[in-house]
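Below is entry.pdb, which holds PDB, C-alpha atoms.
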```
MODEL        1
ATOM      1  CA  MET A   1      -5.197  11.739   6.335  1.00  0.00           C
ATOM      2  CA  ILE A   2      -3.360   9.057   8.341  1.00  0.00           C
ATOM      3  CA  MET A   3      -3.241   5.346   7.463  1.00  0.00           C
ATOM      4  CA  ASP A   4      -1.839   3.162  10.259  1.00  0.00           C
ATOM      5  CA  THR A   5      -0.063  -0.055   9.209  1.00  0.00           C
ATOM      6  CA  THR A   6       0.755  -1.452  12.661  1.00  0.00           C
ATOM      7  CA  LEU A   7      -1.394  -4.552  12.209  1.00  0.00           C
ATOM      8  CA  ARG A   8       0.299  -5.495   8.926  1.00  0.00           C
ATOM      9  CA  ASP A   9       3.709  -3.852   8.575  1.00  0.00           C
ATOM     10  CA  GLY A  10       4.303  -3.782  12.335  1.00  0.00           C
ATOM     11  CA  GLU A  11       4.048  -7.560  12.497  1.00  0.00           C
ATOM     12  CA  GLN A  12       7.094  -7.858  10.250  1.00  0.00           C
ATOM     13  CA  THR A  13       9.239  -6.827  13.225  1.00  0.00           C
ATOM     14  CA  SER A  14      11.301  -9.727  14.560  1.00  0.00           C
ATOM     15  CA  GLY A  15       9.551 -11.432  17.473  1.00  0.00           C
ATOM     16  CA  VAL A  16       6.225  -9.648  16.970  1.00  0.00           C
ATOM     17  CA  ALA A  17       3.078 -11.674  16.281  1.00  0.00           C
ATOM     18  CA  PHE A  18      -0.394 -10.516  17.304  1.00  0.00           C
ATOM     19  CA  SER A  19      -3.213 -12.870  18.268  1.00  0.00           C
ATOM     20  CA  GLU A  20      -6.653 -12.485  16.681  1.00  0.00           C
ATOM     21  CA  THR A  21      -7.958 -10.877  19.869  1.00  0.00           C
ATOM     22  CA  GLU A  22      -5.015  -8.478  20.068  1.00  0.00           C
ATOM     23  CA  LYS A  23      -5.544  -7.454  16.456  1.00  0.00           C
ATOM     24  CA  LEU A  24      -9.215  -6.719  17.027  1.00  0.00           C
ATOM     25  CA  SER A  25      -8.491  -4.745  20.197  1.00  0.00           C
ATOM     26  CA  MET A  26      -5.829  -2.670  18.445  1.00  0.00           C
ATOM     27  CA  ALA A  27      -8.108  -2.006  15.476  1.00  0.00           C
ATOM     28  CA  LYS A  28     -10.787  -0.674  17.819  1.00  0.00           C
ATOM     29  CA  ILE A  29      -8.294   1.565  19.607  1.00  0.00           C
ATOM     30  CA  LEU A  30      -6.816   2.906  16.357  1.00  0.00           C
ATOM     31  CA  LEU A  31     -10.150   3.765  14.744  1.00  0.00           C
ATOM     32  CA  GLU A  32     -12.221   4.791  17.768  1.00  0.00           C
ATOM     33  CA  ASP A  33      -9.754   6.197  20.303  1.00  0.00           C
ATOM     34  CA  VAL A  34      -6.722   7.339  18.300  1.00  0.00           C
ATOM     35  CA  LYS A  35      -9.069   8.215  15.413  1.00  0.00           C
ATOM     36  CA  VAL A  36      -6.753   7.414  12.521  1.00  0.00           C
ATOM     37  CA  ASP A  37      -8.483   7.605   9.151  1.00  0.00           C
ATOM     38  CA  ARG A  38      -7.567   4.172   7.774  1.00  0.00           C
ATOM     39  CA  ILE A  39      -5.886   0.975   8.970  1.00  0.00           C
ATOM     40  CA  GLU A  40      -4.101  -1.754   7.027  1.00  0.00           C
ATOM     41  CA  VAL A  41      -4.679  -4.990   8.926  1.00  0.00           C
ATOM     42  CA  ALA A  42      -3.264  -7.943   6.964  1.00  0.00           C
ATOM     43  CA  SER A  43      -1.624  -9.357   3.867  1.00  0.00           C
ATOM     44  CA  ALA A  44      -3.808 -11.629   1.755  1.00  0.00           C
ATOM     45  CA  ARG A  45      -2.902 -15.329   1.441  1.00  0.00           C
ATOM     46  CA  VAL A  46      -0.336 -15.309   4.276  1.00  0.00           C
ATOM     47  CA  SER A  47      -1.850 -17.778   6.765  1.00  0.00           C
ATOM     48  CA  ASP A  48      -5.030 -19.059   8.372  1.00  0.00           C
ATOM     49  CA  GLY A  49      -4.252 -16.919  11.419  1.00  0.00           C
ATOM     50  CA  GLU A  50      -3.977 -13.809   9.266  1.00  0.00           C
ATOM     51  CA  TYR A  51      -7.313 -14.635   7.658  1.00  0.00           C
ATOM     52  CA  LYS A  52      -9.074 -15.203  10.989  1.00  0.00           C
ATOM     53  CA  GLY A  53      -7.663 -11.987  12.437  1.00  0.00           C
ATOM     54  CA  ALA A  54      -8.703  -9.960   9.405  1.00  0.00           C
ATOM     55  CA  SER A  55     -12.179 -11.540   9.436  1.00  0.00           C
ATOM     56  CA  LYS A  56     -12.732 -10.553  13.066  1.00  0.00           C
ATOM     57  CA  ILE A  57     -11.725  -6.949  12.402  1.00  0.00           C
ATOM     58  CA  LEU A  58     -13.807  -6.712   9.234  1.00  0.00           C
ATOM     59  CA  SER A  59     -16.884  -8.171  10.914  1.00  0.00           C
ATOM     60  CA  TRP A  60     -16.644  -5.587  13.696  1.00  0.00           C
ATOM     61  CA  ALA A  61     -15.889  -2.799  11.196  1.00  0.00           C
ATOM     62  CA  SER A  62     -18.977  -3.729   9.180  1.00  0.00           C
ATOM     63  CA  GLU A  63     -21.193  -3.408  12.266  1.00  0.00           C
ATOM     64  CA  LYS A  64     -19.660  -0.013  13.116  1.00  0.00           C
ATOM     65  CA  GLY A  65     -19.697   1.449   9.615  1.00  0.00           C
ATOM     66  CA  TYR A  66     -15.896   1.416   9.301  1.00  0.00           C
ATOM     67  CA  LEU A  67     -15.590  -1.146   6.505  1.00  0.00           C
ATOM     68  CA  GLU A  68     -14.253   1.287   3.884  1.00  0.00           C
ATOM     69  CA  ARG A  69     -11.513   2.320   6.331  1.00  0.00           C
ATOM     70  CA  VAL A  70     -10.040  -1.174   6.769  1.00  0.00           C
ATOM     71  CA  GLU A  71      -7.542  -2.202   4.091  1.00  0.00           C
ATOM     72  CA  ILE A  72      -5.664  -5.386   3.173  1.00  0.00           C
ATOM     73  CA  LEU A  73      -2.459  -5.724   1.177  1.00  0.00           C
ATOM     74  CA  GLY A  74      -2.949  -7.905  -1.896  1.00  0.00           C
ATOM     75  CA  PHE A  75      -0.956  -9.058  -4.880  1.00  0.00           C
ATOM     76  CA  VAL A  76      -1.044  -9.028  -8.677  1.00  0.00           C
ATOM     77  CA  ASP A  77      -2.331 -12.601  -8.856  1.00  0.00           C
ATOM     78  CA  GLU A  78      -5.541 -12.439 -10.926  1.00  0.00           C
ATOM     79  CA  ASP A  79      -8.408 -12.911  -8.428  1.00  0.00           C
ATOM     80  CA  VAL A  80      -6.600 -14.939  -5.736  1.00  0.00           C
ATOM     81  CA  SER A  81      -5.991 -12.037  -3.323  1.00  0.00           C
ATOM     82  CA  LEU A  82      -9.345 -10.513  -4.217  1.00  0.00           C
ATOM     83  CA  GLN A  83     -11.210 -13.712  -3.338  1.00  0.00           C
ATOM     84  CA  TRP A  84      -9.289 -13.902  -0.032  1.00  0.00           C
ATOM     85  CA  ILE A  85     -10.268 -10.336   0.801  1.00  0.00           C
ATOM     86  CA  ARG A  86     -13.904 -10.750  -0.228  1.00  0.00           C
ATOM     87  CA  ASN A  87     -14.270 -13.988   1.743  1.00  0.00           C
ATOM     88  CA  ALA A  88     -12.822 -12.254   4.811  1.00  0.00           C
ATOM     89  CA  GLY A  89     -15.407  -9.490   4.412  1.00  0.00           C
ATOM     90  CA  GLY A  90     -13.098  -6.794   3.040  1.00  0.00           C
ATOM     91  CA  LYS A  91     -13.844  -3.968   0.645  1.00  0.00           C
ATOM     92  CA  VAL A  92     -10.414  -2.406   0.002  1.00  0.00           C
ATOM     93  CA  ILE A  93      -7.240  -3.858  -1.509  1.00  0.00           C
ATOM     94  CA  ASN A  94      -3.851  -2.156  -1.346  1.00  0.00           C
ATOM     95  CA  LEU A  95      -2.437  -3.702  -4.508  1.00  0.00           C
ATOM     96  CA  LEU A  96       1.304  -4.390  -4.226  1.00  0.00           C
ATOM     97  CA  CYS A  97       2.926  -3.296  -7.482  1.00  0.00           C
ATOM     98  CA  LYS A  98       6.558  -2.728  -8.361  1.00  0.00           C
ATOM     99  CA  GLY A  99       7.738   0.863  -8.065  1.00  0.00           C
ATOM    100  CA  SER A 100      11.239   0.399  -9.492  1.00  0.00           C
ATOM    101  CA  TYR A 101      12.527  -1.006 -12.759  1.00  0.00           C
ATOM    102  CA  ARG A 102      14.903  -3.239 -10.848  1.00  0.00           C
ATOM    103  CA  HIS A 103      12.083  -4.888  -8.916  1.00  0.00           C
ATOM    104  CA  VAL A 104       9.911  -5.511 -11.958  1.00  0.00           C
ATOM    105  CA  THR A 105      12.712  -6.942 -14.090  1.00  0.00           C
ATOM    106  CA  GLN A 106      14.736  -8.796 -11.434  1.00  0.00           C
ATOM    107  CA  GLN A 107      12.107  -9.920  -8.910  1.00  0.00           C
ATOM    108  CA  LEU A 108       9.177 -10.506 -11.259  1.00  0.00           C
ATOM    109  CA  ARG A 109      11.293 -11.080 -14.381  1.00  0.00           C
ATOM    110  CA  LYS A 110       8.704  -9.192 -16.413  1.00  0.00           C
ATOM    111  CA  THR A 111       8.659  -6.151 -18.646  1.00  0.00           C
ATOM    112  CA  PRO A 112       6.879  -3.041 -17.371  1.00  0.00           C
ATOM    113  CA  GLU A 113       4.184  -3.629 -19.961  1.00  0.00           C
ATOM    114  CA  GLU A 114       3.586  -7.189 -18.751  1.00  0.00           C
ATOM    115  CA  HIS A 115       3.359  -5.976 -15.161  1.00  0.00           C
ATOM    116  CA  LEU A 116       0.904  -3.234 -16.107  1.00  0.00           C
ATOM    117  CA  SER A 117      -1.245  -5.749 -17.954  1.00  0.00           C
ATOM    118  CA  GLY A 118      -1.502  -7.877 -14.813  1.00  0.00           C
ATOM    119  CA  ILE A 119      -2.296  -4.839 -12.662  1.00  0.00           C
ATOM    120  CA  ARG A 120      -5.073  -3.731 -15.001  1.00  0.00           C
ATOM    121  CA  ARG A 121      -6.546  -7.219 -14.901  1.00  0.00           C
ATOM    122  CA  VAL A 122      -6.715  -7.145 -11.086  1.00  0.00           C
ATOM    123  CA  ILE A 123      -8.240  -3.656 -11.107  1.00  0.00           C
ATOM    124  CA  ASP A 124     -10.911  -4.803 -13.553  1.00  0.00           C
ATOM    125  CA  LEU A 125     -11.725  -7.875 -11.435  1.00  0.00           C
ATOM    126  CA  ALA A 126     -11.816  -5.773  -8.265  1.00  0.00           C
ATOM    127  CA  CYS A 127     -14.350  -3.396  -9.825  1.00  0.00           C
ATOM    128  CA  ARG A 128     -16.567  -6.328 -10.751  1.00  0.00           C
ATOM    129  CA  MET A 129     -16.327  -7.650  -7.195  1.00  0.00           C
ATOM    130  CA  GLY A 130     -17.092  -4.312  -5.554  1.00  0.00           C
ATOM    131  CA  ILE A 131     -13.609  -3.940  -4.037  1.00  0.00           C
ATOM    132  CA  SER A 132     -11.888  -0.547  -4.036  1.00  0.00           C
ATOM    133  CA  VAL A 133      -8.264  -0.421  -5.181  1.00  0.00           C
ATOM    134  CA  ASN A 134      -5.276   1.529  -3.893  1.00  0.00           C
ATOM    135  CA  VAL A 135      -1.931   0.967  -5.632  1.00  0.00           C
ATOM    136  CA  TYR A 136       1.149   0.422  -3.453  1.00  0.00           C
ATOM    137  CA  LEU A 137       4.316   1.144  -5.483  1.00  0.00           C
ATOM    138  CA  GLU A 138       6.839  -1.034  -3.650  1.00  0.00           C
ATOM    139  CA  ASP A 139      10.425   0.331  -3.822  1.00  0.00           C
ATOM    140  CA  TRP A 140       9.219   3.689  -5.186  1.00  0.00           C
ATOM    141  CA  SER A 141      12.120   5.495  -3.504  1.00  0.00           C
ATOM    142  CA  ASN A 142      14.716   3.406  -5.348  1.00  0.00           C
ATOM    143  CA  GLY A 143      12.652   3.870  -8.467  1.00  0.00           C
ATOM    144  CA  MET A 144      12.882   7.647  -8.144  1.00  0.00           C
ATOM    145  CA  ARG A 145      16.613   7.461  -7.551  1.00  0.00           C
ATOM    146  CA  ASN A 146      17.537   5.003 -10.278  1.00  0.00           C
ATOM    147  CA  SER A 147      14.665   4.629 -12.753  1.00  0.00           C
ATOM    148  CA  PRO A 148      12.403   7.707 -12.620  1.00  0.00           C
ATOM    149  CA  GLY A 149      11.242   7.093 -16.169  1.00  0.00           C
ATOM    150  CA  TYR A 150       9.773   3.770 -15.057  1.00  0.00           C
ATOM    151  CA  VAL A 151       7.975   5.413 -12.116  1.00  0.00           C
ATOM    152  CA  HIS A 152       6.422   7.979 -14.439  1.00  0.00           C
ATOM    153  CA  GLN A 153       5.479   5.245 -16.899  1.00  0.00           C
ATOM    154  CA  MET A 154       3.619   3.406 -14.130  1.00  0.00           C
ATOM    155  CA  ILE A 155       1.758   6.412 -12.752  1.00  0.00           C
ATOM    156  CA  THR A 156       0.889   7.731 -16.217  1.00  0.00           C
ATOM    157  CA  ALA A 157      -0.587   4.315 -17.047  1.00  0.00           C
ATOM    158  CA  LEU A 158      -2.511   3.973 -13.769  1.00  0.00           C
ATOM    159  CA  LYS A 159      -3.714   7.499 -13.039  1.00  0.00           C
ATOM    160  CA  ASP A 160      -6.854   7.099 -15.146  1.00  0.00           C
ATOM    161  CA  GLU A 161      -7.658   3.587 -13.914  1.00  0.00           C
ATOM    162  CA  ALA A 162     -10.169   2.892 -11.134  1.00  0.00           C
ATOM    163  CA  VAL A 163      -7.590   3.554  -8.417  1.00  0.00           C
ATOM    164  CA  SER A 164      -8.408   5.626  -5.339  1.00  0.00           C
ATOM    165  CA  ARG A 165      -4.893   6.347  -4.101  1.00  0.00           C
ATOM    166  CA  ILE A 166      -1.294   5.709  -5.152  1.00  0.00           C
ATOM    167  CA  MET A 167       1.036   4.979  -2.237  1.00  0.00           C
ATOM    168  CA  LEU A 168       4.668   6.094  -2.435  1.00  0.00           C
ATOM    169  CA  PRO A 169       6.706   3.951  -0.017  1.00  0.00           C
ATOM    170  CA  ASP A 170      10.333   4.372   0.976  1.00  0.00           C
ATOM    171  CA  THR A 171      10.465   0.580   1.211  1.00  0.00           C
ATOM    172  CA  LEU A 172      14.072   0.278   2.375  1.00  0.00           C
ATOM    173  CA  GLY A 173      14.199   3.572   4.275  1.00  0.00           C
ATOM    174  CA  ILE A 174      16.883   4.972   1.982  1.00  0.00           C
ATOM    175  CA  LEU A 175      15.625   8.531   1.472  1.00  0.00           C
ATOM    176  CA  ASN A 176      16.887  11.624   3.219  1.00  0.00           C
ATOM    177  CA  PRO A 177      14.523  14.564   3.877  1.00  0.00           C
ATOM    178  CA  ASP A 178      15.730  16.592   0.888  1.00  0.00           C
ATOM    179  CA  GLU A 179      15.087  13.682  -1.490  1.00  0.00           C
ATOM    180  CA  THR A 180      11.680  13.018   0.066  1.00  0.00           C
ATOM    181  CA  TYR A 181      10.605  16.614  -0.473  1.00  0.00           C
ATOM    182  CA  ARG A 182      11.932  16.701  -4.032  1.00  0.00           C
ATOM    183  CA  TYR A 183      10.444  13.377  -5.105  1.00  0.00           C
ATOM    184  CA  CYS A 184       7.037  13.983  -3.488  1.00  0.00           C
ATOM    185  CA  LEU A 185       6.866  17.443  -5.042  1.00  0.00           C
ATOM    186  CA  GLU A 186       7.692  15.936  -8.426  1.00  0.00           C
ATOM    187  CA  MET A 187       4.794  13.504  -8.074  1.00  0.00           C
ATOM    188  CA  LEU A 188       2.339  16.194  -7.009  1.00  0.00           C
ATOM    189  CA  GLU A 189       3.343  18.646  -9.724  1.00  0.00           C
ATOM    190  CA  SER A 190       3.375  15.983 -12.439  1.00  0.00           C
ATOM    191  CA  TYR A 191       0.004  14.455 -11.512  1.00  0.00           C
ATOM    192  CA  PRO A 192      -2.152  17.135  -9.844  1.00  0.00           C
ATOM    193  CA  GLY A 193      -5.349  15.065  -9.915  1.00  0.00           C
ATOM    194  CA  VAL A 194      -3.889  11.964  -8.256  1.00  0.00           C
ATOM    195  CA  GLN A 195      -4.304  11.217  -4.544  1.00  0.00           C
ATOM    196  CA  PHE A 196      -0.898  10.198  -3.179  1.00  0.00           C
ATOM    197  CA  ASP A 197       0.140   8.640   0.153  1.00  0.00           C
ATOM    198  CA  PHE A 198       3.712   8.708   1.463  1.00  0.00           C
ATOM    199  CA  HIS A 199       4.880   5.732   3.536  1.00  0.00           C
ATOM    200  CA  ALA A 200       8.200   6.134   5.365  1.00  0.00           C
ATOM    201  CA  HIS A 201      10.453   3.427   6.803  1.00  0.00           C
ATOM    202  CA  ASN A 202      12.819   4.150   9.683  1.00  0.00           C
ATOM    203  CA  ASP A 203      15.919   2.113   8.761  1.00  0.00           C
ATOM    204  CA  TYR A 204      18.206   5.129   9.271  1.00  0.00           C
ATOM    205  CA  ASP A 205      16.060   7.030  11.805  1.00  0.00           C
ATOM    206  CA  LEU A 206      14.852   9.468   9.155  1.00  0.00           C
ATOM    207  CA  ALA A 207      11.166   8.464   8.951  1.00  0.00           C
ATOM    208  CA  VAL A 208       9.823  11.357  11.034  1.00  0.00           C
ATOM    209  CA  GLY A 209      11.898  13.937   9.170  1.00  0.00           C
ATOM    210  CA  ASN A 210      10.879  12.418   5.858  1.00  0.00           C
ATOM    211  CA  VAL A 211       7.182  12.527   6.781  1.00  0.00           C
ATOM    212  CA  PHE A 212       7.452  16.215   7.627  1.00  0.00           C
ATOM    213  CA  GLN A 213       9.098  16.881   4.259  1.00  0.00           C
ATOM    214  CA  ALA A 214       6.392  14.909   2.458  1.00  0.00           C
ATOM    215  CA  LEU A 215       3.779  17.044   4.237  1.00  0.00           C
ATOM    216  CA  LYS A 216       5.694  20.181   3.290  1.00  0.00           C
ATOM    217  CA  ALA A 217       5.607  19.111  -0.360  1.00  0.00           C
TER     218      ALA A 217
ENDMDL
END
```
Encoded form (C-alpha cells):
Amino acid sequence: MIMDTTLRDGEQTSGVAFSETEKLSMAKILLEDVKVDRIEVASARVSDGEYKGASKILSWASEKGYLERVEILGFVDEDVSLQWIRNAGGKVINLLCKGSYRHVTQQLRKTPEEHLSGIRRVIDLACRMGISVNVYLEDWSNGMRNSPGYVHQMITALKDEAVSRIMLPDTLGILNPDETYRYCLEMLESYPGVQFDFHAHNDYDLAVGNVFQALKA
C-alpha cells in the first residue's frame, strides 16, 4: 500500500506552495491516474489557505467515494485538530506523536506517560466524532537508535487502542539501509498484529534504498 504525502510534506520544500486548484488537480491525478492508495493533503490548523485546499479535496473525494483515502496530519491538542478536520469534511487523522524520548522530553517537556495520556484522549474524542486515527511517530528513527525502550513503550501502549496504522518515519533521513531493515524487522516481529507504514526522508539520498529494505523486512 502506498500513501503519497506530496500535498503536505512536499509543500515543506523551500519555495513550494500549491494553490487550492493545484492541490485539487494533484489529488485527482494521484488517486485516479497514478492510483496510489492514500494521500495526505494538509496539516490541521496551519492556515486558511490550507483549510480551503483541504476542503476542496475532501468535497471532491466525498462525491467520488474516496473520503477514507484522504488523510490530514493533526496534533495532540484535545479536539482542536479534530474539529478542524471534521469541519473541512475529513474522516482520517494522522496523529503526530513523539517517536523518540528526546522529542517528548525536550520538545514537549513531558513524561512519556503524560504524552500517552494526551494521545489516548485524542483517540477517544476521534472515535466519538467518527474520525479514524493513524499514529505518526515523529523521529522514530532517532528513537530506535537512542531510546528503543521508549519506542517499545509507546507501541505497546497504543497497539490495542483504536488506531488503524502506526507510521514509522525517518524524520531527519538519518537511517542507512541496514538500520532500516533491522529496525522495521524488529517492529514487525515484536508486534505481529500491528499495521505499520514506513516513511523515508531523502536527506542523504538513501530514501529509495531504505524503502526497499523496509519492503524486504
Each region 23-117 of chain A residue no farther than 7 Å from region 2-5 of chain A, nearest pair in Å, all atoms listed in the file, as JSON lines:
```
{"residue": "A:Val36", "atom": "CA", "partner": "A:Ile2", "partner_atom": "CA", "distance": 5.6}
{"residue": "A:Asp37", "atom": "CA", "partner": "A:Ile2", "partner_atom": "CA", "distance": 5.4}
{"residue": "A:Arg38", "atom": "CA", "partner": "A:Met3", "partner_atom": "CA", "distance": 4.5}
{"residue": "A:Ile39", "atom": "CA", "partner": "A:Asp4", "partner_atom": "CA", "distance": 4.8}
{"residue": "A:Glu40", "atom": "CA", "partner": "A:Thr5", "partner_atom": "CA", "distance": 4.9}
{"residue": "A:Val41", "atom": "CA", "partner": "A:Thr5", "partner_atom": "CA", "distance": 6.8}
```
Write out as a PDB file with C-alpha atoms, in the coordinates of the input which residues come within 10 Å of Thr156 (chain A) when counting only C-alpha atoms, dropping same-chain ones fewer than 5 positions away.
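Output (selection.pdb):
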```
ATOM      1  CA  TYR A 150       9.773   3.770 -15.057  1.00  0.00           C
ATOM      2  CA  VAL A 151       7.975   5.413 -12.116  1.00  0.00           C
ATOM      3  CA  GLU A 161      -7.658   3.587 -13.914  1.00  0.00           C
ATOM      4  CA  SER A 190       3.375  15.983 -12.439  1.00  0.00           C
ATOM      5  CA  TYR A 191       0.004  14.455 -11.512  1.00  0.00           C
TER       6      TYR A 191
END
```
(message) For region 90-95 of chain A, find every residue with an atom within 6 Å (counting all atoms listed in the file), except residues of its own chain fewer than 4 positions away, and show them as a ChimeraX atom specification.
(response) /A:71-75,85-86,131-136
(request) Give me the result of the PyMOL selection byres ((chain A and resi 209) around 12) on this file, residue by residue, as a list of chain:residue names. (result) A:Gly173, A:Leu175, A:Asn176, A:Pro177, A:Asp178, A:Glu179, A:Thr180, A:Tyr181, A:Ala200, A:His201, A:Asn202, A:Tyr204, A:Asp205, A:Leu206, A:Ala207, A:Val208, A:Asn210, A:Val211, A:Phe212, A:Gln213, A:Ala214, A:Leu215, A:Lys216
(request) Record the distance separating CA of Tyr66 (chain A) and CA of Cys127 (chain A), expressed in Å with one decimal. (result)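 These atoms are spaced 19.8 Å apart.
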Could you complete region 123-146 of chain A so that it carries N, CA and C atoms, and give it back as a PDB file, keeping the file's coordinate frame?
```pdb
ATOM      1  N   ILE A 123      -7.357  -4.805 -11.311  1.00  0.00           N
ATOM      2  CA  ILE A 123      -8.240  -3.656 -11.107  1.00  0.00           C
ATOM      3  C   ILE A 123      -9.609  -3.929 -11.712  1.00  0.00           C
ATOM      4  N   ASP A 124      -9.646  -4.489 -12.899  1.00  0.00           N
ATOM      5  CA  ASP A 124     -10.911  -4.803 -13.553  1.00  0.00           C
ATOM      6  C   ASP A 124     -11.716  -5.816 -12.738  1.00  0.00           C
ATOM      7  N   LEU A 125     -11.046  -6.854 -12.249  1.00  0.00           N
ATOM      8  CA  LEU A 125     -11.725  -7.875 -11.435  1.00  0.00           C
ATOM      9  C   LEU A 125     -12.227  -7.272 -10.131  1.00  0.00           C
ATOM     10  N   ALA A 126     -11.417  -6.405  -9.526  1.00  0.00           N
ATOM     11  CA  ALA A 126     -11.816  -5.773  -8.265  1.00  0.00           C
ATOM     12  C   ALA A 126     -13.088  -4.939  -8.461  1.00  0.00           C
ATOM     13  N   CYS A 127     -13.156  -4.201  -9.552  1.00  0.00           N
ATOM     14  CA  CYS A 127     -14.350  -3.396  -9.825  1.00  0.00           C
ATOM     15  C   CYS A 127     -15.579  -4.280  -9.944  1.00  0.00           C
ATOM     16  N   ARG A 128     -15.439  -5.408 -10.596  1.00  0.00           N
ATOM     17  CA  ARG A 128     -16.567  -6.328 -10.751  1.00  0.00           C
ATOM     18  C   ARG A 128     -16.990  -6.926  -9.409  1.00  0.00           C
ATOM     19  N   MET A 129     -16.044  -7.048  -8.488  1.00  0.00           N
ATOM     20  CA  MET A 129     -16.327  -7.650  -7.195  1.00  0.00           C
ATOM     21  C   MET A 129     -16.706  -6.627  -6.133  1.00  0.00           C
ATOM     22  N   GLY A 130     -16.727  -5.353  -6.508  1.00  0.00           N
ATOM     23  CA  GLY A 130     -17.092  -4.312  -5.554  1.00  0.00           C
ATOM     24  C   GLY A 130     -16.018  -3.996  -4.541  1.00  0.00           C
ATOM     25  N   ILE A 131     -14.744  -4.200  -4.927  1.00  0.00           N
ATOM     26  CA  ILE A 131     -13.609  -3.940  -4.037  1.00  0.00           C
ATOM     27  C   ILE A 131     -12.847  -2.717  -4.548  1.00  0.00           C
ATOM     28  N   SER A 132     -12.637  -1.753  -3.677  1.00  0.00           N
ATOM     29  CA  SER A 132     -11.888  -0.547  -4.036  1.00  0.00           C
ATOM     30  C   SER A 132     -10.396  -0.855  -4.082  1.00  0.00           C
ATOM     31  N   VAL A 133      -9.682  -0.157  -4.966  1.00  0.00           N
ATOM     32  CA  VAL A 133      -8.264  -0.421  -5.181  1.00  0.00           C
ATOM     33  C   VAL A 133      -7.414   0.809  -4.865  1.00  0.00           C
ATOM     34  N   ASN A 134      -6.394   0.600  -4.020  1.00  0.00           N
ATOM     35  CA  ASN A 134      -5.276   1.529  -3.893  1.00  0.00           C
ATOM     36  C   ASN A 134      -4.051   0.825  -4.450  1.00  0.00           C
ATOM     37  N   VAL A 135      -3.164   1.556  -5.097  1.00  0.00           N
ATOM     38  CA  VAL A 135      -1.931   0.967  -5.632  1.00  0.00           C
ATOM     39  C   VAL A 135      -0.771   1.299  -4.704  1.00  0.00           C
ATOM     40  N   TYR A 136      -0.003   0.278  -4.341  1.00  0.00           N
ATOM     41  CA  TYR A 136       1.149   0.422  -3.453  1.00  0.00           C
ATOM     42  C   TYR A 136       2.402   0.181  -4.290  1.00  0.00           C
ATOM     43  N   LEU A 137       3.148   1.246  -4.600  1.00  0.00           N
ATOM     44  CA  LEU A 137       4.316   1.144  -5.483  1.00  0.00           C
ATOM     45  C   LEU A 137       5.564   0.757  -4.692  1.00  0.00           C
ATOM     46  N   GLU A 138       5.706  -0.527  -4.431  1.00  0.00           N
ATOM     47  CA  GLU A 138       6.839  -1.034  -3.650  1.00  0.00           C
ATOM     48  C   GLU A 138       8.167  -0.593  -4.266  1.00  0.00           C
ATOM     49  N   ASP A 139       9.086  -0.109  -3.418  1.00  0.00           N
ATOM     50  CA  ASP A 139      10.425   0.331  -3.822  1.00  0.00           C
ATOM     51  C   ASP A 139      10.387   1.612  -4.659  1.00  0.00           C
ATOM     52  N   TRP A 140       9.336   2.417  -4.456  1.00  0.00           N
ATOM     53  CA  TRP A 140       9.219   3.689  -5.186  1.00  0.00           C
ATOM     54  C   TRP A 140      10.436   4.579  -4.983  1.00  0.00           C
ATOM     55  N   SER A 141      10.988   4.607  -3.773  1.00  0.00           N
ATOM     56  CA  SER A 141      12.120   5.495  -3.504  1.00  0.00           C
ATOM     57  C   SER A 141      13.335   5.118  -4.353  1.00  0.00           C
ATOM     58  N   ASN A 142      13.629   3.828  -4.463  1.00  0.00           N
ATOM     59  CA  ASN A 142      14.716   3.406  -5.348  1.00  0.00           C
ATOM     60  C   ASN A 142      14.357   3.676  -6.801  1.00  0.00           C
ATOM     61  N   GLY A 143      13.078   3.551  -7.109  1.00  0.00           N
ATOM     62  CA  GLY A 143      12.652   3.870  -8.467  1.00  0.00           C
ATOM     63  C   GLY A 143      12.922   5.324  -8.818  1.00  0.00           C
ATOM     64  N   MET A 144      12.643   6.232  -7.891  1.00  0.00           N
ATOM     65  CA  MET A 144      12.882   7.647  -8.144  1.00  0.00           C
ATOM     66  C   MET A 144      14.368   7.955  -8.243  1.00  0.00           C
ATOM     67  N   ARG A 145      15.167   7.244  -7.488  1.00  0.00           N
ATOM     68  CA  ARG A 145      16.613   7.461  -7.551  1.00  0.00           C
ATOM     69  C   ARG A 145      17.221   6.922  -8.843  1.00  0.00           C
ATOM     70  N   ASN A 146      16.814   5.727  -9.241  1.00  0.00           N
ATOM     71  CA  ASN A 146      17.537   5.003 -10.278  1.00  0.00           C
ATOM     72  C   ASN A 146      16.774   4.775 -11.575  1.00  0.00           C
TER      73      ASN A 146
END
```
